[in-house]
Amino acid sequence: MNMNGVVMFSIFIACVIPILFLLFLRKFDLLHTGKVWKNFATLGGGMIAYWIATQINPFIVNIGWATWDQVIRISAPIIEEILKALIILYLISRSDSNYVVDGAIYGFGAGVGFAVVENIEYIINNPQLAFAIAFARVFSTNLVHATGSGIIGIALAYQRGEKAQFSGIGFVLLGYILAISFHALFNTMVSAGTFLVAAIIYGFVGFGFIFYIIKRGLNIQKEWVAQTLGEAERITQEETKVIRYIETVDKVLQPIQQRFGIKKTQMMRALMFKQAEIGIKKKILESDTSEARKKETQKIIDTLLIEMEELRNKIGWNCMLLYRQVYSERALEVFSLLNARIAAAGPSQKGGGLWSTLADRMKQSTRQEENQL
């Protein structure tokens with residue numbers, strides 16, 4: 001392979017692998033609260049942040065405010081993390097954003113966008129070391145950039161769930177300090193000539209932290225759904241339990257697909273994700289300090305409720321009944337719920353008593369048929 005081929009292959013690696021890390025994290029957004037268009041926006045925002053940083057960092061050196069080494073160790077981490085955070089701040093402040101899972105993924109995306117452009121510049125300026133640079137950066141520097149902005153995204157998203165505005169702002173400041181410190185320490189290590197293995201380990205520590213927060217945030221969101229959904233939305237206990245144990249959804253939907261086909265199974269998935277987002281939005285609504293955003297969030301909830309009812313009508317009562325019944329039985333088997341089958345929604349829950357009665361009658365009918373045989 002000639003030099004041009006090596007450079008192009010290195011650029012390909014330097015662009016694709018960071019995006020693969022982002023896609024890996026998106027897979028753990030099991031409730032599908034993050035929006036794909038926002039991921040593209042964060043990638044673009046990170047790229048723009050890099051261009052602005054390339055104007056500011058040399059300017060500081062040229063006017064004599066700092067040496068290049070001081071810029072790398074101190075001012076660059078501050079400037080770059082603030083610039084990457086601008087697109088995250090915009091997206092998280094919108095009413096259609098949710099909890100820390102969104103913040104972590106959007107923040108990670110901004111860091112990836114920043115790192116990809118920086119990778120390309122480094123490779124083009126050092127063609128003899130193109131492959132080595134690409135390999136080293138995608139597993140170290142890129143993960144540090146993504147972790148830094150991911151931490152800020154987490155802090156900004158968490159702040160929306162804080163009822164006390166002062167503590168929320170304090171948490172955001174703590175997030176900025178942690179992100180900048182994490183970035184600055186890495187730059188200092190690299191400038192001091194740390195081993196590549198140490199730099200890679202450092203990068204994966206950051207990635208592991210973001211991964212942990214996403215998993216933790218997902219569990220919190222599932223609990224929110226269980227707490228907030230019910231009578232007002234005509235959502236039964238079985239439906240909320242499916243969302244709480246979303247990791248097993250393929251098993252739950254398998255009988256649906258066998259009996260009703262792929263189209264209705266896809267509708268059922270869409271219904272689940274809408275229900276989950278309604279539950280999360282309702283919880284955020286309780287603590288959001290912005291009255292304007294509260295009104296917009298309520299509008300989103302109302303729209304989701306209408307879309308949910310439309311989906312239910314398209315799915316049909318018989319498919320919905322099987323869905324609830326299958327999960328009730330599987331929950332006993334897989335999770336060993338305490339001493340009884342999942343209790344259906346009571347008579348006071350709109351729609352719950354009807355579904356429970358139908359499910360009980362279906363089971364009784366099945367037992368009678370088995371006894372006759």
# chains A, B, ... in the order shown; residues from 1 in each chain; ligands from 1

$ residues_around --residues "Met308 (chain A)" --least-positions-apart "5" --cutoff "12 Å" --atoms "only C-alpha atoms" --output "short mmCIF file (atom, residue, chain, number, x, y, z; two decimals) with all heavy atoms, in the first residue's frame"
data_model
loop_
_atom_site.label_atom_id
_atom_site.label_comp_id
_atom_site.auth_asym_id
_atom_site.auth_seq_id
_atom_site.Cartn_x
_atom_site.Cartn_y
_atom_site.Cartn_z
N GLU A 233 -53.29 7.28 32.23
CA GLU A 233 -52.90 6.93 30.87
C GLU A 233 -53.52 5.61 30.40
O GLU A 233 -53.23 5.17 29.29
CB GLU A 233 -51.37 6.81 30.78
CG GLU A 233 -50.61 8.10 31.07
CD GLU A 233 -50.53 8.37 32.56
OE1 GLU A 233 -50.60 7.40 33.34
OE2 GLU A 233 -50.40 9.55 32.95
N ARG A 234 -54.33 4.99 31.24
CA ARG A 234 -54.94 3.69 30.92
C ARG A 234 -53.87 2.65 30.57
O ARG A 234 -53.97 1.92 29.60
CB ARG A 234 -55.95 3.81 29.78
CG ARG A 234 -57.15 4.68 30.09
CD ARG A 234 -58.10 4.83 28.91
NE ARG A 234 -58.58 3.53 28.46
CZ ARG A 234 -58.27 3.02 27.27
NH1 ARG A 234 -57.49 3.68 26.44
NH2 ARG A 234 -58.76 1.84 26.90
N ILE A 235 -52.82 2.62 31.38
CA ILE A 235 -51.72 1.67 31.19
C ILE A 235 -51.71 0.71 32.37
O ILE A 235 -51.62 1.14 33.52
CB ILE A 235 -50.37 2.40 31.08
CG1 ILE A 235 -50.38 3.33 29.85
CG2 ILE A 235 -49.22 1.41 30.98
CD1 ILE A 235 -49.15 4.20 29.74
N MET A 267 -45.51 -2.27 15.81
CA MET A 267 -46.42 -1.31 16.45
C MET A 267 -46.35 -1.42 17.96
O MET A 267 -46.37 -0.42 18.69
CB MET A 267 -47.85 -1.55 15.98
CG MET A 267 -48.14 -1.15 14.56
SD MET A 267 -49.90 -1.42 14.18
CE MET A 267 -49.93 -1.07 12.44
N MET A 268 -46.25 -2.66 18.44
CA MET A 268 -46.18 -2.88 19.89
C MET A 268 -44.91 -2.28 20.47
O MET A 268 -44.92 -1.69 21.55
CB MET A 268 -46.25 -4.38 20.17
CG MET A 268 -46.52 -4.72 21.62
SD MET A 268 -48.16 -4.22 22.16
CE MET A 268 -49.16 -5.46 21.33
N ARG A 269 -43.81 -2.43 19.76
CA ARG A 269 -42.55 -1.81 20.20
C ARG A 269 -42.70 -0.30 20.27
O ARG A 269 -42.28 0.33 21.25
CB ARG A 269 -41.42 -2.16 19.24
CG ARG A 269 -40.86 -3.56 19.38
CD ARG A 269 -39.70 -3.76 18.42
NE ARG A 269 -39.20 -5.11 18.48
CZ ARG A 269 -38.30 -5.54 19.37
NH1 ARG A 269 -37.81 -4.69 20.26
NH2 ARG A 269 -37.88 -6.79 19.37
N ALA A 270 -43.28 0.28 19.22
CA ALA A 270 -43.48 1.73 19.20
C ALA A 270 -44.36 2.18 20.36
O ALA A 270 -44.10 3.22 20.99
CB ALA A 270 -44.10 2.15 17.87
N LEU A 271 -45.37 1.39 20.67
CA LEU A 271 -46.26 1.70 21.79
C LEU A 271 -45.49 1.71 23.11
O LEU A 271 -45.63 2.61 23.93
CB LEU A 271 -47.39 0.68 21.86
CG LEU A 271 -48.38 0.83 23.02
CD1 LEU A 271 -49.18 2.10 22.88
CD2 LEU A 271 -49.30 -0.39 23.10
N MET A 272 -44.65 0.70 23.29
CA MET A 272 -43.85 0.61 24.51
C MET A 272 -42.96 1.84 24.69
O MET A 272 -42.87 2.41 25.78
CB MET A 272 -42.98 -0.64 24.48
CG MET A 272 -43.71 -1.94 24.65
SD MET A 272 -42.65 -3.33 24.20
CE MET A 272 -41.13 -2.88 24.99
N PHE A 273 -42.29 2.24 23.61
CA PHE A 273 -41.37 3.37 23.72
C PHE A 273 -42.13 4.68 23.99
O PHE A 273 -41.63 5.54 24.72
CB PHE A 273 -40.54 3.50 22.44
CG PHE A 273 -39.65 2.30 22.21
CD1 PHE A 273 -39.46 1.79 20.93
CD2 PHE A 273 -39.01 1.67 23.26
CE1 PHE A 273 -38.64 0.69 20.71
CE2 PHE A 273 -38.20 0.57 23.05
CZ PHE A 273 -38.01 0.08 21.78
N LYS A 274 -43.31 4.82 23.44
CA LYS A 274 -44.12 6.01 23.73
C LYS A 274 -44.56 6.01 25.18
O LYS A 274 -44.55 7.05 25.85
CB LYS A 274 -45.32 6.08 22.79
CG LYS A 274 -44.97 6.42 21.35
CD LYS A 274 -46.18 6.64 20.50
CE LYS A 274 -45.79 6.84 19.03
NZ LYS A 274 -44.92 8.02 18.84
N GLN A 275 -44.96 4.85 25.69
CA GLN A 275 -45.35 4.76 27.09
C GLN A 275 -44.18 5.11 28.01
O GLN A 275 -44.35 5.82 29.00
CB GLN A 275 -45.85 3.34 27.39
CG GLN A 275 -47.19 3.02 26.76
CD GLN A 275 -47.59 1.57 26.96
OE1 GLN A 275 -46.75 0.72 27.24
NE2 GLN A 275 -48.88 1.29 26.82
N ALA A 276 -43.01 4.61 27.67
CA ALA A 276 -41.82 4.90 28.47
C ALA A 276 -41.52 6.39 28.49
O ALA A 276 -41.24 6.97 29.55
CB ALA A 276 -40.62 4.13 27.93
N GLU A 277 -41.60 7.03 27.32
CA GLU A 277 -41.29 8.46 27.26
C GLU A 277 -42.33 9.28 28.02
O GLU A 277 -41.99 10.28 28.65
CB GLU A 277 -41.20 8.93 25.81
CG GLU A 277 -40.68 10.35 25.70
CD GLU A 277 -40.12 10.69 24.34
OE1 GLU A 277 -40.22 9.87 23.41
OE2 GLU A 277 -39.59 11.80 24.21
N ILE A 278 -43.58 8.85 27.99
CA ILE A 278 -44.61 9.55 28.76
C ILE A 278 -44.26 9.50 30.24
O ILE A 278 -44.32 10.51 30.96
CB ILE A 278 -45.99 8.92 28.52
CG1 ILE A 278 -46.48 9.22 27.10
CG2 ILE A 278 -47.02 9.45 29.54
CD1 ILE A 278 -47.70 8.42 26.69
N ILE A 301 -46.38 15.46 26.18
CA ILE A 301 -47.08 14.33 26.83
C ILE A 301 -48.45 14.13 26.20
O ILE A 301 -48.85 13.00 25.90
CB ILE A 301 -47.20 14.58 28.35
CG1 ILE A 301 -45.82 14.53 29.00
CG2 ILE A 301 -48.12 13.54 28.98
CD1 ILE A 301 -45.81 14.93 30.46
N ASP A 302 -49.19 15.22 26.02
CA ASP A 302 -50.53 15.13 25.43
C ASP A 302 -50.48 14.53 24.02
O ASP A 302 -51.31 13.70 23.65
CB ASP A 302 -51.18 16.52 25.38
CG ASP A 302 -51.47 17.07 26.77
OD1 ASP A 302 -51.53 16.26 27.73
OD2 ASP A 302 -51.62 18.30 26.91
N THR A 303 -49.48 14.95 23.25
CA THR A 303 -49.32 14.41 21.89
C THR A 303 -48.99 12.92 21.93
O THR A 303 -49.54 12.13 21.16
CB THR A 303 -48.21 15.17 21.14
OG1 THR A 303 -48.55 16.56 21.07
CG2 THR A 303 -48.03 14.63 19.74
N ASN A 313 -55.45 1.34 18.99
CA ASN A 313 -56.58 1.02 18.10
C ASN A 313 -56.12 0.22 16.89
O ASN A 313 -56.82 -0.70 16.44
CB ASN A 313 -57.26 2.32 17.65
CG ASN A 313 -57.97 3.03 18.80
OD1 ASN A 313 -58.39 2.38 19.76
ND2 ASN A 313 -58.10 4.34 18.70
N LYS A 314 -54.94 0.56 16.37
CA LYS A 314 -54.42 -0.18 15.23
C LYS A 314 -53.98 -1.59 15.63
O LYS A 314 -54.14 -2.54 14.86
CB LYS A 314 -53.23 0.57 14.61
CG LYS A 314 -53.61 1.88 13.92
CD LYS A 314 -52.37 2.59 13.40
CE LYS A 314 -52.73 3.91 12.74
NZ LYS A 314 -51.52 4.63 12.26
N ILE A 315 -53.43 -1.72 16.81
CA ILE A 315 -52.97 -3.02 17.28
C ILE A 315 -54.14 -3.97 17.52
O ILE A 315 -54.08 -5.15 17.17
CB ILE A 315 -52.12 -2.86 18.56
CG1 ILE A 315 -50.79 -2.16 18.22
CG2 ILE A 315 -51.86 -4.21 19.22
CD1 ILE A 315 -50.01 -1.70 19.42
#

$ residues_around --residues "Val117 (chain A)" --least-positions-apart "4" --cutoff "8 Å" --atoms "only C-alpha atoms" --output "ChimeraX atom specification"
/A:47,50,113,121

$ residues_around --residues "Asn119 (chain A)" --least-positions-apart "4" --cutoff "7 Å" --atoms "only C-alpha atoms" --output "ChimeraX atom specification"
/A:14,115,123,134

$ write_last_selection --atoms "all heavy atoms" --output "short mmCIF file (atom, residue, chain, number, x, y, z; two decimals), in the first residue's frame"
data_model
loop_
_atom_site.label_atom_id
_atom_site.label_comp_id
_atom_site.auth_asym_id
_atom_site.auth_seq_id
_atom_site.Cartn_x
_atom_site.Cartn_y
_atom_site.Cartn_z
N ALA A 14 -9.74 6.47 11.84
CA ALA A 14 -9.87 7.58 12.79
C ALA A 14 -11.28 8.16 12.82
O ALA A 14 -11.66 8.81 13.80
CB ALA A 14 -8.87 8.69 12.43
N ALA A 115 -13.21 15.12 18.14
CA ALA A 115 -12.03 14.26 18.00
C ALA A 115 -11.80 13.82 16.56
O ALA A 115 -10.64 13.71 16.12
CB ALA A 115 -12.18 13.05 18.91
N ILE A 123 -3.38 13.37 11.19
CA ILE A 123 -2.94 12.38 10.21
C ILE A 123 -2.39 13.05 8.95
O ILE A 123 -1.33 12.67 8.43
CB ILE A 123 -4.10 11.43 9.86
CG1 ILE A 123 -4.41 10.53 11.06
CG2 ILE A 123 -3.78 10.59 8.63
CD1 ILE A 123 -5.71 9.76 10.92
N ALA A 134 -3.54 7.27 14.10
CA ALA A 134 -4.97 6.89 14.09
C ALA A 134 -5.26 5.87 15.19
O ALA A 134 -6.22 6.02 15.96
CB ALA A 134 -5.34 6.32 12.73
#

$ residues_around --residues "Ala199 (chain A)" --least-positions-apart "5" --cutoff "12 Å" --atoms "only C-alpha atoms" --output "list in words"
Phe135, Ala136, Arg137, Val138, Phe139, Ser140, Thr141, Asn142, Leu143, Val144, His183, Leu185, Phe186, Asn187, Thr188, Met189, Val190, Ser191, Ala192, Gly193, Thr194, Phe204, Val205 and Gly206 of chain A

$ atom_distance --atom1 "CA of Asn57 (chain A)" --atom2 "CA of Ile79 (chain A)"
8.2 Å

$ atom_distance --atom1 "CA of Trp37 (chain A)" --atom2 "CA of Lys251 (chain A)"
29.5 Å
